[in-house]
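Text of the file model-v3.cif, holding mmCIF, C-alpha atoms:
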data_my_file
#
loop_
_atom_site.label_atom_id
_atom_site.label_comp_id
_atom_site.auth_asym_id
_atom_site.auth_seq_id
_atom_site.Cartn_x
_atom_site.Cartn_y
_atom_site.Cartn_z
CA MET A 115 -7.92 -6.67 80.11
CA LYS A 116 -4.25 -7.49 79.58
CA PRO A 117 -2.50 -8.45 76.35
CA ALA A 118 -1.78 -12.07 75.51
CA PRO A 119 1.95 -12.86 75.77
CA PHE A 120 4.20 -11.77 72.92
CA ALA A 121 7.89 -11.34 72.26
CA TYR A 122 9.24 -7.83 71.78
CA LYS A 123 11.92 -7.09 69.24
CA LYS A 124 13.39 -3.69 68.66
CA ALA A 125 14.46 -3.05 65.06
CA ARG A 126 17.27 -0.53 64.52
CA LYS A 127 17.18 -0.51 60.73
CA LEU A 128 14.46 -0.71 58.12
CA ASP A 129 15.83 -3.87 56.49
CA GLU A 130 16.06 -5.51 59.91
CA ALA A 131 12.36 -4.78 60.48
CA VAL A 132 11.51 -6.12 57.01
CA SER A 133 13.39 -9.36 57.63
CA LEU A 134 11.80 -9.75 61.07
CA LEU A 135 8.40 -9.44 59.37
CA GLY A 136 9.49 -12.22 57.01
CA GLU A 137 10.58 -14.46 59.89
CA HIS A 138 7.49 -13.98 62.02
CA LYS A 139 4.33 -14.34 60.00
CA ASP A 140 1.96 -13.04 62.66
CA ALA A 141 4.15 -10.19 63.88
CA ARG A 142 2.79 -6.66 64.18
CA LEU A 143 4.75 -3.44 63.85
CA LEU A 144 4.74 -1.17 66.87
CA ALA A 145 4.98 2.52 65.96
CA GLY A 146 2.99 4.93 68.17
CA GLY A 147 0.99 2.02 69.50
CA GLN A 148 -2.06 4.15 70.21
CA SER A 149 -4.40 1.81 68.34
CA LEU A 150 -2.31 -1.36 68.41
CA ILE A 151 -1.80 -1.54 72.17
CA ALA A 152 -5.48 -0.84 72.75
CA THR A 153 -6.37 -3.81 70.52
CA LEU A 154 -3.80 -5.96 72.35
CA ASN A 155 -5.25 -4.96 75.72
CA MET A 156 -8.72 -5.86 74.48
CA ARG A 157 -7.35 -9.07 72.95
CA LEU A 158 -8.83 -8.12 69.62
CA SER A 159 -5.39 -8.93 68.32
CA ALA A 160 -2.82 -11.37 69.71
CA PRO A 161 0.38 -11.43 67.65
CA THR A 162 3.24 -13.56 68.99
CA VAL A 163 5.83 -10.91 68.16
CA LEU A 164 5.84 -7.11 68.27
CA ILE A 165 8.50 -5.37 66.19
CA ASP A 166 9.18 -1.96 67.65
CA ILE A 167 10.20 0.36 64.79
CA ASN A 168 10.55 3.51 66.93
CA GLY A 169 14.34 3.17 66.96
CA ILE A 170 14.70 3.20 63.17
CA GLY A 171 16.40 6.37 61.98
CA GLY A 172 15.33 8.39 58.97
CA LEU A 173 11.57 7.93 59.33
CA GLY A 174 10.89 11.01 61.44
CA GLY A 175 11.41 13.90 59.03
CA ILE A 176 9.12 16.43 57.34
CA ALA A 177 10.41 17.91 54.09
CA HIS A 178 9.34 20.02 51.11
CA LYS A 179 10.66 18.18 48.02
CA ASN A 180 9.80 18.56 44.32
CA GLY A 181 6.55 20.38 45.01
CA LYS A 182 5.43 17.85 47.58
CA ILE A 183 5.37 17.61 51.34
CA GLU A 184 6.87 14.37 52.56
CA ILE A 185 6.11 13.18 56.06
CA GLY A 186 8.12 10.30 57.54
CA ALA A 187 6.19 7.36 58.93
CA LEU A 188 7.31 7.98 62.51
CA VAL A 189 6.39 11.67 62.64
CA ARG A 190 4.14 12.01 65.65
CA HIS A 191 0.93 13.97 65.55
CA VAL A 192 2.28 16.52 68.01
CA GLN A 193 5.29 17.14 65.74
CA ALA A 194 3.11 17.59 62.66
CA GLU A 195 0.74 19.91 64.53
CA SER A 196 3.45 22.46 65.17
CA ASN A 197 5.28 22.07 61.87
CA GLU A 198 5.45 25.15 59.64
CA LEU A 199 5.83 23.25 56.35
CA ILE A 200 2.62 21.36 57.04
CA ALA A 201 0.80 24.51 58.19
CA LYS A 202 1.81 26.36 55.03
CA HIS A 203 1.86 23.70 52.33
CA ALA A 204 -0.49 20.99 53.62
CA PRO A 205 -3.12 23.05 55.45
CA LEU A 206 -5.76 20.33 55.16
CA ILE A 207 -3.63 18.04 57.31
CA ALA A 208 -3.03 20.90 59.74
CA ARG A 209 -6.80 21.41 59.95
CA ALA A 210 -7.42 17.73 60.64
CA LEU A 211 -4.75 17.16 63.28
CA PRO A 212 -6.44 18.89 66.24
CA HIS A 213 -9.43 16.58 65.75
CA ILE A 214 -7.30 13.48 66.22
CA ALA A 215 -7.61 12.13 69.76
CA HIS A 216 -6.18 14.02 72.72
CA PRO A 217 -2.82 15.56 73.65
CA ALA A 218 -1.51 12.47 75.47
CA ILE A 219 -2.32 10.33 72.43
CA ARG A 220 -1.04 12.86 69.88
CA ASN A 221 2.29 12.82 71.73
CA ARG A 222 2.74 9.17 70.79
CA GLY A 223 0.61 8.45 67.73
CA THR A 224 2.33 8.53 64.34
CA LEU A 225 1.00 9.69 60.98
CA GLY A 226 2.34 6.57 59.31
CA GLY A 227 0.64 4.36 61.86
CA SER A 228 -2.68 6.06 61.33
CA ILE A 229 -2.48 5.55 57.56
CA ALA A 230 -1.28 1.94 57.80
CA PHE A 231 -3.96 1.07 60.38
CA ALA A 232 -6.61 2.47 58.00
CA ASP A 233 -9.39 3.00 60.50
CA PRO A 234 -12.41 3.99 58.39
CA ALA A 235 -13.38 6.71 60.88
CA ALA A 236 -9.91 8.26 61.08
CA GLU A 237 -9.10 11.69 59.68
CA LEU A 238 -5.76 11.17 57.94
CA PRO A 239 -6.72 8.49 55.39
CA ALA A 240 -9.49 10.82 54.20
CA CYS A 241 -7.04 13.73 54.00
CA LEU A 242 -4.71 11.64 51.83
CA LEU A 243 -7.60 10.75 49.52
CA ALA A 244 -8.74 14.36 49.29
CA LEU A 245 -5.20 15.50 48.50
CA ASP A 246 -4.43 12.72 46.01
CA GLY A 247 -1.52 11.77 48.25
CA GLU A 248 0.77 8.79 48.03
CA ILE A 249 2.34 6.26 50.32
CA ASP A 250 5.90 4.93 50.25
CA ALA A 251 6.46 1.36 51.32
CA ALA A 252 9.59 -0.76 51.74
CA GLY A 253 9.63 -4.55 51.60
CA PRO A 254 11.78 -7.53 50.67
CA LYS A 255 11.41 -6.65 46.97
CA GLY A 256 12.48 -3.06 47.52
CA LYS A 257 10.61 0.21 47.63
CA ARG A 258 7.43 1.28 45.92
CA THR A 259 4.95 4.12 45.96
CA ILE A 260 1.20 3.59 46.14
CA ARG A 261 -1.42 6.22 45.38
CA ALA A 262 -3.85 6.86 48.22
CA GLN A 263 -6.79 5.94 45.97
CA ASP A 264 -5.28 2.46 45.52
CA PHE A 265 -4.12 2.06 49.12
CA PHE A 266 -7.23 1.75 51.27
CA LYS A 267 -8.73 -1.61 50.30
CA SER A 268 -11.31 -2.40 52.97
CA LEU A 269 -11.88 -2.37 56.72
CA PHE A 270 -8.39 -2.02 58.28
CA GLU A 271 -7.04 -3.46 55.03
CA THR A 272 -4.49 -1.72 52.84
CA ALA A 273 -2.43 -2.44 49.74
CA LEU A 274 0.63 -3.15 51.89
CA ASP A 275 1.95 -6.69 51.60
CA ALA A 276 2.49 -8.68 54.79
CA GLU A 277 6.22 -7.97 54.73
CA GLU A 278 6.01 -4.31 53.75
CA ILE A 279 6.45 -1.29 55.98
CA LEU A 280 5.00 2.14 55.32
CA THR A 281 7.95 4.56 55.33
CA ALA A 282 6.46 7.92 54.36
CA ILE A 283 3.40 9.72 53.05
CA ARG A 284 3.46 12.50 50.49
CA VAL A 285 0.97 15.14 49.44
CA PRO A 286 1.23 17.85 46.79
CA ALA A 287 2.17 21.23 48.24
CA ALA A 288 -0.89 23.47 48.08
CA ALA A 289 -1.15 25.47 44.85
CA LYS A 290 -2.08 29.16 44.93
CA ASP A 291 -5.67 28.49 43.94
CA ALA A 292 -6.05 25.47 46.21
CA ARG A 293 -8.98 25.49 48.59
CA PHE A 294 -9.54 23.18 51.52
CA GLY A 295 -12.38 22.33 53.83
CA PHE A 296 -12.63 20.10 56.84
CA ALA A 297 -15.44 19.28 59.25
CA GLU A 298 -16.38 16.42 61.48
CA LEU A 299 -18.99 15.49 64.02
CA ALA A 300 -17.91 13.50 67.07
CA ARG A 301 -19.50 12.75 70.41
CA ARG A 302 -16.55 14.24 72.25
CA HIS A 303 -13.75 16.42 70.85
CA GLY A 304 -11.00 14.05 69.78
CA ASP A 305 -13.12 10.94 69.49
CA TYR A 306 -13.42 9.07 66.23
CA ALA A 307 -15.88 10.84 63.97
CA ILE A 308 -19.52 9.85 63.61
CA VAL A 309 -19.08 11.38 60.15
CA GLY A 310 -16.27 13.53 58.82
CA LEU A 311 -15.34 15.25 55.56
CA ALA A 312 -11.96 16.30 54.22
CA ALA A 313 -12.17 18.26 50.98
CA SER A 314 -9.98 19.97 48.43
CA ALA A 315 -10.67 21.91 45.25
CA ARG A 316 -9.25 24.57 43.00
CA GLY A 317 -11.11 27.83 43.20
CA ASP A 318 -11.60 30.97 41.13
CA GLY A 319 -13.95 33.23 43.07
CA LYS A 320 -16.94 31.04 43.90
CA LYS A 321 -16.27 28.72 40.98
CA LEU A 322 -14.73 25.36 41.89
CA SER A 323 -12.94 22.68 39.90
CA ASP A 324 -11.12 19.45 40.77
CA VAL A 325 -13.44 19.00 43.74
CA ARG A 326 -12.49 16.06 45.95
CA LEU A 327 -14.79 15.16 48.83
CA ALA A 328 -13.37 12.41 51.04
CA TYR A 329 -15.73 11.19 53.74
CA PHE A 330 -14.76 9.14 56.78
CA GLY A 331 -16.87 7.20 59.26
CA VAL A 332 -19.33 6.20 56.54
CA GLY A 333 -18.15 2.77 55.40
CA ASN A 334 -15.27 0.30 55.32
CA THR A 335 -12.77 2.90 54.18
CA ALA A 336 -12.56 6.61 53.67
CA ILE A 337 -14.46 7.18 50.46
CA ARG A 338 -14.94 9.90 47.85
CA ALA A 339 -18.45 11.07 47.03
CA ARG A 340 -17.87 11.48 43.31
CA LYS A 341 -21.38 12.41 42.22
CA ALA A 342 -21.53 15.11 44.87
CA GLU A 343 -18.11 16.34 43.70
CA ALA A 344 -19.39 16.73 40.14
CA ALA A 345 -22.50 18.60 41.32
CA LEU A 346 -20.46 20.89 43.52
CA ALA A 347 -18.11 21.70 40.65
CA LYS A 348 -21.21 23.07 38.89
CA GLY A 349 -21.75 25.35 41.88
CA ASP A 350 -24.97 23.79 43.15
CA ILE A 351 -24.73 22.90 46.85
CA ASP A 352 -28.31 21.59 47.06
CA ALA A 353 -27.73 19.32 44.08
CA ALA A 354 -24.46 18.14 45.61
CA VAL A 355 -26.22 17.17 48.85
CA ALA A 356 -28.97 15.42 46.89
CA ALA A 357 -26.36 13.58 44.83
CA LEU A 358 -24.38 12.31 47.84
CA ASP A 359 -23.42 8.82 46.74
CA LEU A 360 -22.85 7.31 50.17
CA ASP A 361 -24.54 4.36 51.80
CA PRO A 362 -23.28 4.38 55.39
CA PRO A 363 -24.01 1.27 57.46
CA ASP A 364 -25.42 1.54 60.98
CA ASP A 365 -22.80 1.47 63.72
CA VAL A 366 -22.64 1.93 67.48
CA GLN A 367 -22.71 5.70 67.13
CA ALA A 368 -25.55 6.28 64.70
CA THR A 369 -27.82 4.67 62.15
CA GLY A 370 -26.87 4.80 58.50
CA ALA A 371 -29.75 7.19 57.84
CA VAL A 372 -28.52 9.63 60.48
CA LYS A 373 -24.99 9.43 59.10
CA LYS A 374 -26.24 10.12 55.59
CA HIS A 375 -28.13 13.16 56.86
CA LEU A 376 -25.06 14.39 58.76
CA ALA A 377 -22.91 13.90 55.67
CA GLY A 378 -25.16 16.42 53.94
CA VAL A 379 -24.88 18.83 56.87
CA LEU A 380 -21.09 18.64 56.67
CA LEU A 381 -21.16 19.06 52.90
CA ARG A 382 -23.07 22.34 53.22
CA ARG A 383 -20.53 23.64 55.74
CA VAL A 384 -17.51 22.52 53.76
CA ALA A 385 -18.92 23.72 50.42
CA LYS A 386 -19.22 27.26 51.78
CA GLU A 387 -15.65 27.03 52.99
CA LEU A 388 -14.46 25.87 49.56
CA MET A 389 -16.41 28.66 47.86
CA GLU A 390 -15.10 31.11 50.42
CA THR A 391 -18.62 32.32 51.13
CA VAL A 392 -18.57 31.53 54.86
CA MET B 1382 15.96 -7.31 74.05
CA SER B 1383 14.25 -9.95 72.02
CA ASP B 1384 12.15 -12.21 74.17
CA THR B 1385 9.02 -12.21 76.27
CA GLY B 1386 11.07 -11.35 79.36
CA LEU B 1387 13.11 -8.17 79.15
CA ASP B 1388 15.56 -6.35 81.39
CA ILE B 1389 14.76 -2.67 81.43
CA ALA B 1390 16.08 0.37 83.27
CA MET B 1391 14.46 3.76 83.57
CA THR B 1392 14.25 6.74 85.87
CA VAL B 1393 10.97 6.96 87.74
CA ASN B 1394 10.37 10.16 89.70
CA GLY B 1395 14.11 10.76 89.79
CA GLU B 1396 15.03 7.29 91.02
CA ARG B 1397 16.77 4.76 88.83
CA VAL B 1398 14.84 1.54 88.48
CA ALA B 1399 16.05 -1.71 86.88
CA GLU B 1400 13.63 -4.62 86.60
CA ARG B 1401 12.84 -7.65 84.50
CA VAL B 1402 9.40 -7.32 82.90
CA ASP B 1403 7.15 -9.30 80.64
CA ALA B 1404 7.10 -7.74 77.17
CA ARG B 1405 3.32 -7.46 77.47
CA THR B 1406 3.40 -5.39 80.66
CA THR B 1407 2.02 -1.91 80.07
CA LEU B 1408 3.76 1.06 81.63
CA VAL B 1409 0.91 1.72 84.05
CA ASP B 1410 0.81 -1.88 85.24
CA PHE B 1411 4.56 -1.80 85.73
CA LEU B 1412 4.29 1.38 87.79
CA ARG B 1413 1.40 0.07 89.88
CA ASP B 1414 2.26 -3.60 90.32
CA GLY B 1415 6.04 -3.50 89.93
CA LEU B 1416 6.84 -0.27 91.74
CA MET B 1417 3.71 0.09 93.91
CA LEU B 1418 3.08 3.56 92.53
CA THR B 1419 -0.69 3.24 92.60
CA GLY B 1420 -1.51 6.91 92.04
CA SER B 1421 -1.79 6.32 88.29
CA HIS B 1422 -5.12 4.60 87.82
CA VAL B 1423 -6.22 1.89 85.44
CA GLY B 1424 -9.63 2.66 84.02
CA CYS B 1425 -10.55 1.60 80.51
CA GLU B 1426 -7.22 0.08 79.42
CA HIS B 1427 -7.72 1.20 75.85
CA GLY B 1428 -6.75 4.84 75.85
CA VAL B 1429 -10.16 6.42 76.27
CA CYS B 1430 -10.39 7.51 79.90
CA GLY B 1431 -7.04 9.15 80.69
CA ALA B 1432 -6.89 7.89 84.30
CA CYS B 1433 -3.43 6.41 83.64
CA THR B 1434 -1.88 9.65 82.34
CA VAL B 1435 1.84 9.92 83.21
CA ARG B 1436 4.82 11.78 81.80
CA VAL B 1437 7.49 10.09 79.71
CA ASN B 1438 10.49 12.24 78.80
CA GLY B 1439 8.47 15.32 79.72
CA GLU B 1440 5.41 14.55 77.58
CA ILE B 1441 2.11 13.22 78.84
CA VAL B 1442 1.16 9.77 77.58
CA ARG B 1443 -1.40 7.08 78.24
CA GLY B 1444 0.23 4.60 80.64
CA CYS B 1445 -2.00 1.87 79.25
CA LEU B 1446 -0.94 2.46 75.62
CA MET B 1447 2.80 2.23 76.17
CA LEU B 1448 4.69 -0.89 77.09
CA ALA B 1449 7.10 -0.80 80.02
CA ALA B 1450 9.66 -2.23 77.58
CA GLN B 1451 9.33 0.88 75.41
CA CYS B 1452 10.37 3.03 78.37
CA ASP B 1453 13.81 1.45 78.65
CA GLY B 1454 16.13 4.42 79.15
CA ALA B 1455 13.27 6.89 79.58
CA LYS B 1456 12.50 9.41 82.28
CA VAL B 1457 9.09 8.64 83.74
CA GLU B 1458 7.17 10.90 86.11
CA THR B 1459 3.98 9.96 87.90
CA ILE B 1460 1.50 11.85 90.04
CA GLU B 1461 3.54 10.78 93.09
CA GLY B 1462 6.68 12.42 91.69
CA LEU B 1463 4.92 15.62 90.66
CA SER B 1464 3.27 15.80 94.07
CA ASP B 1465 6.48 15.19 96.04
CA ALA B 1466 8.33 17.78 93.96
CA GLY B 1467 5.69 20.38 94.80
CA GLU B 1468 5.14 21.08 91.11
CA ILE B 1469 1.39 20.67 91.33
CA ALA B 1470 0.76 21.82 94.92
CA ASP B 1471 -1.38 24.74 93.75
CA LEU B 1472 -3.43 22.52 91.44
CA GLN B 1473 -4.01 20.02 94.23
CA ALA B 1474 -5.13 22.82 96.58
CA ALA B 1475 -7.42 24.31 93.95
CA PHE B 1476 -9.02 20.94 93.19
CA GLU B 1477 -9.74 20.54 96.90
CA GLN B 1478 -11.01 24.07 97.42
CA ARG B 1479 -13.28 24.03 94.38
CA ASN B 1480 -14.58 20.55 94.96
CA ALA B 1481 -13.09 19.47 91.65
CA LEU B 1482 -13.01 15.85 92.72
CA GLN B 1483 -15.73 13.62 94.00
CA CYS B 1484 -14.73 9.97 93.90
CA GLY B 1485 -11.18 10.97 92.96
CA PHE B 1486 -10.54 8.22 90.46
CA CYS B 1487 -9.83 10.55 87.54
CA THR B 1488 -8.01 13.16 89.64
CA PRO B 1489 -4.36 12.05 89.21
CA GLY B 1490 -4.78 11.89 85.43
CA MET B 1491 -6.68 15.19 85.37
CA ILE B 1492 -3.95 16.94 87.34
CA VAL B 1493 -1.11 15.53 85.23
CA ALA B 1494 -2.96 16.62 82.06
CA ALA B 1495 -3.81 20.05 83.52
CA GLN B 1496 -0.21 20.64 84.55
CA ASP B 1497 0.85 19.72 81.01
CA LEU B 1498 -1.29 22.59 79.73
CA LEU B 1499 -0.34 25.11 82.43
CA LYS B 1500 3.41 24.52 82.31
CA GLY B 1501 3.36 26.24 78.92
CA GLY B 1502 2.50 29.47 80.74
CA GLY B 1503 -0.22 32.03 80.10
CA VAL B 1504 -3.89 31.82 80.96
CA PRO B 1505 -5.64 29.44 78.57
CA SER B 1506 -9.30 30.04 77.76
CA ARG B 1507 -11.91 27.77 79.29
CA ASP B 1508 -12.39 26.22 75.85
CA THR B 1509 -8.68 25.47 75.61
CA ILE B 1510 -8.72 23.94 79.09
CA ARG B 1511 -11.70 21.77 78.12
CA GLU B 1512 -9.99 20.71 74.93
CA HIS B 1513 -6.76 19.82 76.68
CA LEU B 1514 -8.66 17.75 79.24
CA SER B 1515 -10.97 16.23 76.62
CA GLY B 1516 -9.07 12.96 76.87
CA ASN B 1517 -9.75 12.61 80.58
CA TYR B 1518 -13.10 11.26 81.70
CA CYS B 1519 -14.66 12.20 85.03
CA ARG B 1520 -17.55 9.80 85.53
CA CYS B 1521 -18.81 11.86 88.47
CA THR B 1522 -19.15 14.51 85.71
CA GLY B 1523 -17.61 17.29 87.78
CA TYR B 1524 -16.12 18.96 84.73
CA GLN B 1525 -17.26 22.49 85.54
CA ALA B 1526 -15.44 22.51 88.88
CA ILE B 1527 -12.35 20.96 87.29
CA VAL B 1528 -12.21 23.69 84.66
CA ASP B 1529 -12.76 26.29 87.40
CA ALA B 1530 -9.85 24.88 89.40
CA VAL B 1531 -7.47 24.77 86.43
CA GLU B 1532 -8.46 28.26 85.33
CA SER B 1533 -7.95 29.69 88.82
CA VAL B 1534 -4.47 28.18 89.05
CA ALA B 1535 -3.58 29.54 85.59
CA LYS B 1536 -4.65 33.01 86.68
CA ALA B 1537 -2.84 32.77 90.00
CA ARG B 1538 0.38 31.62 88.34
CA ALA B 1539 0.17 34.37 85.73
CA GLY B 1540 -0.35 36.91 88.51
CA GLY B 1541 2.76 35.69 90.26
CA LYS B 1542 0.75 34.17 93.09
CA THR B 1543 0.73 30.48 93.89
#
Spell out the structure here as structure tokens.
Amino acid sequence: MKPAPFAYKKARKLDEAVSLLGEHKDARLLAGGQSLIATLNMRLSAPTVLIDINGIGGLGGIAHKNGKIEIGALVRHVQAESNELIAKHAPLIARALPHIAHPAIRNRGTLGGSIAFADPAAELPACLLALDGEIDAAGPKGKRTIRAQDFFKSLFETALDAEEILTAIRVPAAAKDARFGFAELARRHGDYAIVGLAASARGDGKKLSDVRLAYFGVGNTAIRARKAEAALAKGDIDAAVAALDLDPPDDVQATGAVKKHLAGVLLRRVAKELMETV
Amino acid sequence: MSDTGLDIAMTVNGERVAERVDARTTLVDFLRDGLMLTGSHVGCEHGVCGACTVRVNGEIVRGCLMLAAQCDGAKVETIEGLSDAGEIADLQAAFEQRNALQCGFCTPGMIVAAQDLLKGGGVPSRDTIREHLSGNYCRCTGYQAIVDAVESVAKARAGGKT
């Protein structure tokens, strides 16, 4: 199908984009467009105005600041994939990136767009949850920072106000004892996950603490399995699988029961990675 | 640039093109319907099948997930341009020799994506080839022959033969 008609406006500055959002109540922001244009083509969404933010300067950087890795909203997946700061200090994100779509899509898709779109089966929202990351937003009332745990509200719904724009994401640079695990099951490499798991912990030998298990593809948002985290911190993988506090709904890919089973399979794989017993 | 009709200019296969387009026109529809470059195919129209793969400023993209308006000032290359330039002659020959196309619908996108991998040099593993082409569907399911063709070209190029 073809998109319904819309006007196209190219913003050159952040405040220009913010004021355009204020003027046009049903406008959508166009960043990488790799989800948005698909939804326009399918007429799942029909805004009257698209605000192209690709020409806004200052949103495309990756920096190591105050013990954190900051990634500008317009950084494209391909850029992040080959970035040394991310490889070294945010290895969980580096692990997740190759699972996101395909080269032609990673050339266009942006990290900020993926977070703001908040697809429940996408990798990056789960990574932000697992890393206790944060999101910077700019709007008519100025700038603010939102913790990842407060950001993902429901299906494709975030804490961003209608006139706010995501400008950057930030994750703590990996500590020396930081451990990470990532696994997902998809029908085809690069497709959205049937179930996926992004995990972080602190490790001392096989002993884990601060375990964070962020699942995706199992509900309306990426979600932490807190009971399983507590069990895993006690070192018991079987108990962690038994404690998995997830209730995935059926979807086109699998029934909820299958997803729940697969979540346990992934947990066993990721737990060994975290314990470095692979 | 702020309405539903937009004046855009870009370079397509080395030729400068200036047209007025609807804001909602995707790049692949502009190439096919506006410029009659029908080698890029329209399959799923939501970024899944890869039949519309083209190059914008040297990088492969989905022609259905970019607007023509976003390509104002860009350098666009299609299968026609790559073919005329001779850049993919060996890939085209290998696809033919190894029967790596049946209905041919996916072939332009496959070749553009394969060339994107091979232009980096070296001989990628079969797994790497599969991964790089994972975004391109062949509904005749001739994947084995496609990987064979791409691998043979990689080896030939690395050996200095074409």
Kindly assemble as CSV a list of the chain A residues that lie within 8 Å of chain B, each paired with its nearest atom pair and their distance in Å to one decimal, using all atoms listed in the file, sorted first by chain and then by ascending residue number.
residue,atom,partner,partner_atom,distance
A:Met115,CA,B:Glu1426,CA,6.8
A:Lys116,CA,B:Arg1405,CA,7.9
A:Pro117,CA,B:Arg1405,CA,6.0
A:Ala118,CA,B:Arg1405,CA,7.1
A:Pro119,CA,B:Arg1405,CA,5.8
A:Phe120,CA,B:Thr1385,CA,5.9
A:Ala121,CA,B:Thr1385,CA,4.3
A:Tyr122,CA,B:Ser1383,CA,5.4
A:Lys123,CA,B:Ser1383,CA,4.6
A:Lys124,CA,B:Met1382,CA,7.0
A:Gly147,CA,B:Leu1446,CA,6.4
A:Gln148,CA,B:Leu1446,CA,5.8
A:Ile151,CA,B:Leu1446,CA,5.4
A:Ala152,CA,B:His1427,CA,4.3
A:Thr153,CA,B:His1427,CA,7.4
A:Asn155,CA,B:Glu1426,CA,6.6
A:Met156,CA,B:His1427,CA,7.3
A:Ala215,CA,B:Gly1516,CA,7.3
A:His216,CA,B:Gly1516,CA,5.2
A:Pro217,CA,B:His1513,CA,6.5
A:Ala218,CA,B:Val1442,CA,4.3
A:Ile219,CA,B:Val1442,CA,6.2
A:Asn221,CA,B:Val1442,CA,6.7
A:Arg222,CA,B:Val1442,CA,7.0
A:Arg302,CA,B:Ser1515,CA,7.4
A:His303,CA,B:Ser1515,CA,6.4
A:Gly304,CA,B:Ser1515,CA,7.2
At a cut-off of 10 Å, using all atoms listed in the file, what residues contact stretch 1475-1482 of chain B? Leave out same-chain residues fewer than 5 positions from it and give the result as a tab-separated table (two decimals) with C-alpha atoms, in the coordinates of the input.
chain	number	residue	atom	x	y	z
B	1469	ILE	CA	1.39	20.67	91.33
B	1470	ALA	CA	0.76	21.82	94.92
B	1487	CYS	CA	-9.83	10.55	87.54
B	1488	THR	CA	-8.01	13.16	89.64
B	1491	MET	CA	-6.68	15.19	85.37
B	1492	ILE	CA	-3.95	16.94	87.34
B	1519	CYS	CA	-14.66	12.20	85.03
B	1521	CYS	CA	-18.81	11.86	88.47
B	1522	THR	CA	-19.15	14.51	85.71
B	1523	GLY	CA	-17.61	17.29	87.78
B	1524	TYR	CA	-16.12	18.96	84.73
B	1525	GLN	CA	-17.26	22.49	85.54
B	1526	ALA	CA	-15.44	22.51	88.88
B	1527	ILE	CA	-12.35	20.96	87.29
B	1528	VAL	CA	-12.21	23.69	84.66
B	1529	ASP	CA	-12.76	26.29	87.40
B	1530	ALA	CA	-9.85	24.88	89.40
B	1531	VAL	CA	-7.47	24.77	86.43
B	1532	GLU	CA	-8.46	28.26	85.33
B	1533	SER	CA	-7.95	29.69	88.82
B	1534	VAL	CA	-4.47	28.18	89.05
Rank A:Leu150, A:Ala297, A:Ala230, A:Ile200 by their smallest atom-to-atom distance to A:Glu278, using all atoms listed in the file, and report the top residue only. A:Ala230
Once the PyMOL selection byres ((chain B and resi 1537) around 12) has been applied to the shown file, what residues remain in the selection, as a PyMOL selection string? chain B and resi 1471-1472+1475+1499+1502-1504+1530-1536+1538-1543
Between atom CA of A:Leu243 and atom CA of A:Ala201 - distance in Å to one decimal: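 These two atoms are separated by 18.3 Å.
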Using the chain letters and numbers from the file, give me the residues hit by the PyMOL selection byres ((chain A and resi 318) around 12), as a PyMOL selection string. chain A and resi 290-293+315-317+319-324+347+349+388-390
Could you save those same residues with C-alpha atoms as a PDB file, in the coordinates of the input?
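So the final result, stored in part38.pdb, reads:
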ATOM      1  CA  LYS A 290      -2.080  29.160  44.930  1.00  0.00           C
ATOM      2  CA  ASP A 291      -5.670  28.490  43.940  1.00  0.00           C
ATOM      3  CA  ALA A 292      -6.050  25.470  46.210  1.00  0.00           C
ATOM      4  CA  ARG A 293      -8.980  25.490  48.590  1.00  0.00           C
ATOM      5  CA  ALA A 315     -10.670  21.910  45.250  1.00  0.00           C
ATOM      6  CA  ARG A 316      -9.250  24.570  43.000  1.00  0.00           C
ATOM      7  CA  GLY A 317     -11.110  27.830  43.200  1.00  0.00           C
ATOM      8  CA  GLY A 319     -13.950  33.230  43.070  1.00  0.00           C
ATOM      9  CA  LYS A 320     -16.940  31.040  43.900  1.00  0.00           C
ATOM     10  CA  LYS A 321     -16.270  28.720  40.980  1.00  0.00           C
ATOM     11  CA  LEU A 322     -14.730  25.360  41.890  1.00  0.00           C
ATOM     12  CA  SER A 323     -12.940  22.680  39.900  1.00  0.00           C
ATOM     13  CA  ASP A 324     -11.120  19.450  40.770  1.00  0.00           C
ATOM     14  CA  ALA A 347     -18.110  21.700  40.650  1.00  0.00           C
ATOM     15  CA  GLY A 349     -21.750  25.350  41.880  1.00  0.00           C
ATOM     16  CA  LEU A 388     -14.460  25.870  49.560  1.00  0.00           C
ATOM     17  CA  MET A 389     -16.410  28.660  47.860  1.00  0.00           C
ATOM     18  CA  GLU A 390     -15.100  31.110  50.420  1.00  0.00           C
TER      19      GLU A 390
END
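Around B:Thr1419, within 12 Å and counting all atoms listed in the file, the residues found are Val1409, Asp1410, Phe1411, Leu1412, Arg1413, Asp1414, Gly1415, Leu1416, Met1417, Ser1421, His1422, Val1423, Ala1432, Cys1433, Val1435, Thr1459, Ile1460, Glu1461, Gly1462, Phe1486, Pro1489 and Gly1490 of chain B, once anything fewer than 2 positions away on its own chain is removed.
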